[in-house]
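As stored in input26.txt (compact mmCIF, C-alpha atoms):
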```txt
# COMPACT_ATOMS: atom_id res chain seq x y z
CA MET K 41 236.31 135.61 0.14
CA ASN K 42 235.25 133.97 -3.12
CA SER K 43 232.22 135.12 -5.13
CA GLN K 44 230.00 132.19 -4.07
CA LEU K 45 230.69 132.93 -0.43
CA GLN K 46 229.92 136.62 -1.00
CA LEU K 47 226.60 135.66 -2.58
CA LEU K 48 225.77 133.45 0.40
CA VAL K 49 226.58 136.25 2.85
CA ARG K 50 224.44 138.73 0.89
CA TYR K 51 221.59 136.22 0.70
CA ARG K 52 221.66 135.56 4.45
CA LEU K 53 221.72 139.28 5.27
CA ALA K 54 218.84 139.96 2.87
CA GLU K 55 216.95 137.10 4.49
CA ALA K 56 217.62 138.62 7.92
CA LYS K 57 216.45 142.07 6.80
CA GLU K 58 213.23 140.71 5.28
CA THR K 59 212.52 138.62 8.37
CA ILE K 60 213.02 141.52 10.80
CA GLU K 61 210.56 143.55 8.71
CA GLU K 62 208.06 140.70 9.15
CA ALA K 63 208.70 140.81 12.91
CA LYS K 64 207.97 144.55 12.98
CA LEU K 65 204.68 144.05 11.16
CA LEU K 66 203.63 141.29 13.52
CA LEU K 67 204.51 143.48 16.50
CA GLU K 68 202.35 146.30 15.12
CA TYR K 69 199.44 143.86 15.04
CA ILE K 70 200.20 142.73 18.60
CA ALA K 71 201.14 139.25 17.41
CA PHE K 72 203.87 138.85 20.01
CA ARG K 73 204.58 135.16 19.54
CA GLY K 74 205.01 135.59 15.81
CA SER K 75 207.15 138.69 16.28
CA ILE K 76 209.44 136.89 18.71
CA ASN K 77 209.75 133.99 16.30
CA ARG K 78 210.58 136.19 13.30
CA SER K 79 213.03 138.27 15.38
CA TYR K 80 214.82 135.12 16.41
CA TYR K 81 215.05 133.92 12.81
CA ALA K 82 216.29 137.32 11.65
CA MET K 83 219.14 137.07 14.15
CA LEU K 84 219.79 133.48 13.15
CA TYR K 85 220.02 134.38 9.46
CA ALA K 86 222.35 137.29 10.24
CA LEU K 87 224.56 134.95 12.27
CA LEU K 88 224.61 132.44 9.43
CA GLY K 89 225.83 135.25 7.17
CA LEU K 90 228.48 136.25 9.68
CA LEU K 91 229.65 132.65 10.07
CA ALA K 92 229.76 132.26 6.29
CA THR K 93 232.42 135.00 6.17
CA ARG K 94 234.64 132.46 7.92
CA GLY K 95 233.53 129.53 5.81
CA LEU K 96 231.45 128.13 8.66
CA GLY K 97 227.88 126.93 8.86
CA THR K 98 225.63 124.38 10.48
CA SER K 99 222.06 123.15 10.12
CA LYS K 100 221.30 123.23 13.86
CA HIS K 101 220.27 126.38 15.67
CA SER K 102 222.33 125.46 18.72
CA GLY K 103 225.31 124.92 16.42
CA VAL K 104 224.96 128.44 15.00
CA ILE K 105 224.98 129.93 18.48
CA SER K 106 227.93 127.74 19.55
CA LEU K 107 229.98 128.69 16.49
CA PHE K 108 229.12 132.36 16.97
CA ASP K 109 230.20 132.17 20.60
CA ARG K 110 233.43 130.35 19.71
CA GLU K 111 234.41 132.53 16.76
CA PHE K 112 233.28 135.99 17.84
CA VAL K 113 232.55 136.15 21.57
CA LYS K 114 235.29 134.00 23.10
CA THR K 115 237.85 135.63 20.81
CA GLY K 116 236.85 139.05 22.14
CA LEU K 117 235.57 140.41 18.82
CA LEU K 118 232.11 140.94 20.35
CA GLN K 119 231.13 141.35 23.98
CA ARG K 120 229.01 138.67 25.57
CA THR K 121 226.67 141.34 26.95
CA SER K 122 225.72 142.61 23.49
CA LEU K 123 224.52 140.57 20.55
CA ALA K 124 225.18 137.19 22.14
CA ALA K 125 222.90 138.01 25.07
CA CYS K 126 220.13 139.20 22.72
CA ILE K 127 220.32 135.98 20.75
CA VAL K 128 220.16 133.76 23.82
CA LEU K 129 217.25 135.78 25.27
CA SER K 130 215.45 135.62 21.95
CA MET K 131 215.98 131.88 21.70
CA ASN K 132 214.66 131.41 25.23
CA GLY K 133 211.65 133.61 24.44
CA ARG K 134 210.95 131.66 21.27
CA LEU K 135 211.15 128.37 23.10
CA MET K 136 208.90 129.63 25.89
CA THR K 137 206.22 130.82 23.45
CA THR K 138 206.46 127.55 21.54
CA ALA K 139 206.13 125.55 24.76
CA LYS K 140 203.14 127.70 25.79
CA CYS K 141 201.50 127.04 22.42
CA TYR K 142 201.95 123.27 22.72
CA SER K 143 200.77 123.26 26.34
CA GLN K 144 197.44 124.71 25.18
CA ILE K 145 196.80 121.93 22.66
CA ARG K 146 194.24 119.44 23.90
CA VAL K 147 194.28 115.95 22.39
```

What is this structure when it is put down as structure tokens?
Amino acid sequence: MNSQLQLLVRYRLAEAKETIEEAKLLLEYIAFRGSINRSYYAMLYALLGLLATRGLGTSKHSGVISLFDREFVKTGLLQRTSLAACIVLSMNGRLMTTAKCYSQIRV
């Protein structure tokens, strides 16, 4: 892995660590929607770092999950019942809280 790629991986992992710390703080203050959102992004950033180790990346969230599934789950490197399931559940939770938020907006 070249030095620029190593920097990108380190950056993404640092971003993930900082974001999960934000999620913990929000959870302590019973800000569940915000905590779910930050947890999701922490996982997303970690996945972007993992994908970068293979020279892969994408700007779409669904693309990150698809590439992760293709490169790490379908190849047997990670079990579908572990990290992949957490990511999908988190994404669904994030979407549900976002939908709930928009459903409460009155125009």

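A straight line drawn from CA of Met83 (chain K) to CA of Tyr69 (chain K) is 20.9 Å long.
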
Take every atom of region 61-70 of chain K listed in the file, pad by 6 Å on each side, and give me the axis-aligned box centre and edge lengths in Å, one decimal, as JSON.
```
{"center_x": 205.0, "center_y": 143.5, "center_z": 13.7, "size_x": 23.1, "size_y": 17.6, "size_z": 21.9}
```

*So how many Å separate CA of Thr115 (chain K) and CA of Leu88 (chain K), to one decimal?*
17.7 Å

*For Val104 (chain K), list every protein, DNA or RNA residue within 12 Å, evaluated using all atoms listed in the file, and leave out those in the same chain fewer than 2 positions away; present the list as a list in words.*
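The neighbour list is Tyr81, Met83, Leu84, Tyr85, Ala86, Leu87, Leu88, Gly89, Leu90, Leu91, Ala92, Leu96, Gly97, Thr98, Ser99, Lys100, His101, Ser102, Ser106, Leu107, Phe108, Asp109, Arg110, Glu111, Phe112, Ala124, Ile127, Val128 and Met131 of chain K.
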
*Between CA of Leu65 (chain K) and CA of Tyr51 (chain K), distance in Å (one decimal)*: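 Those two atoms sit 21.4 Å apart.
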
*With only C-alpha atoms as the basis for distance, which of K:Lys114, K:Arg94, K:Arg78, K:Lys64 is at the shortest distance from Gln46 (chain K)?*
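Smallest separation from Gln46 (chain K) among the options: K:Arg94.
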
_Residue nearest Leu45 (chain K) among K:Gln119, K:Ser79, K:Thr59, K:Thr93 (counting all atoms listed in the file)_ = K:Thr93
